[in-house]
Amino acid sequence: MAQPSQSLFRRIRYIKSSLDSAEQSFLDNQDIRGELDLMLAEAELKNLRKKKDVPWNWSRHLFAVCAAVLLVLSGFGGWYIAKGHYKHRQTAAPSAVVPITAIEQTKKLPIQPEAKVKPQVQKQVMTVTGANKKQAQVTISKSDMHKLVQSARAELSSSK
């Protein structure tokens, strides 16, 4: 607390010197110079009263900095956690689980142009896959999944 009190004493001395200078200017019949020194002393006195709450200003700035740091750290933590979550999903995504009967049915279906697909085949595949939900599940490769999706797309586009 020695620093703020020294600053306060220095400012009070400056105000006293401005008042003494204003008094001397009025005695020497320099009214304009005296008025200027008097206004300077008044302004410094008002400024002295305003600047009392210096510790509050520091605590507000410190609070703002701490809030900004906390916000940045929480954003970085969320990004780091999400990065690990999506990496785990990417490793699990290539192998999809499909019932065995759906794969067998797609292998039995002849590949035909889009215009000649029979609606009866679509019904048969849907009833077979819907009835056998308790069958064993297998993983298929990306190429088999791609072929399965292409055949399903062909069937769906022809049914429109």
# chains A, B, ... in the order shown; residues from 1 in each chain; ligands from 1
$ residues_around --residues "stretch 30-46 of chain A" --least-positions-apart "5" --cutoff "8 Å" --atoms "only C-alpha atoms" --output "tab-separated table (two decimals) with N, CA, C and O atoms, in the first residue's frame"
chain	number	residue	atom	x	y	z
A	11	ARG	N	0.12	13.69	-5.86
A	11	ARG	CA	-0.97	14.39	-6.56
A	11	ARG	C	-1.50	15.56	-5.72
A	11	ARG	O	-1.84	16.61	-6.25
A	15	ILE	N	-1.61	19.53	-6.69
A	15	ILE	CA	-2.79	20.39	-6.57
A	15	ILE	C	-2.44	21.64	-5.75
A	15	ILE	O	-2.82	22.76	-6.13
A	16	LYS	N	-1.67	21.50	-4.67
A	16	LYS	CA	-1.25	22.65	-3.86
A	16	LYS	C	-0.40	23.61	-4.67
A	16	LYS	O	-0.57	24.83	-4.60
A	18	SER	N	-0.45	24.00	-7.90
A	18	SER	CA	-1.31	24.66	-8.88
A	18	SER	C	-2.10	25.79	-8.22
A	18	SER	O	-2.27	26.88	-8.80
A	19	LEU	N	-2.58	25.58	-7.00
A	19	LEU	CA	-3.32	26.62	-6.27
A	19	LEU	C	-2.39	27.78	-5.90
A	19	LEU	O	-2.78	28.97	-6.00
A	21	SER	N	0.28	28.63	-7.56
A	21	SER	CA	0.56	29.31	-8.82
A	21	SER	C	-0.61	30.20	-9.24
A	21	SER	O	-0.42	31.32	-9.73
A	22	ALA	N	-1.85	29.71	-9.02
A	22	ALA	CA	-3.04	30.51	-9.35
A	22	ALA	C	-3.10	31.75	-8.45
A	22	ALA	O	-3.40	32.87	-8.91
A	23	GLU	N	-2.77	31.60	-7.16
A	23	GLU	CA	-2.78	32.73	-6.23
A	23	GLU	C	-1.74	33.77	-6.64
A	23	GLU	O	-2.02	34.98	-6.66
A	24	GLN	N	-0.57	33.29	-7.02
A	24	GLN	CA	0.49	34.23	-7.43
A	24	GLN	C	0.12	34.95	-8.72
A	24	GLN	O	0.38	36.15	-8.86
A	25	SER	N	-0.56	34.22	-9.65
A	25	SER	CA	-0.97	34.85	-10.91
A	25	SER	C	-2.02	35.92	-10.67
A	25	SER	O	-2.00	36.99	-11.32
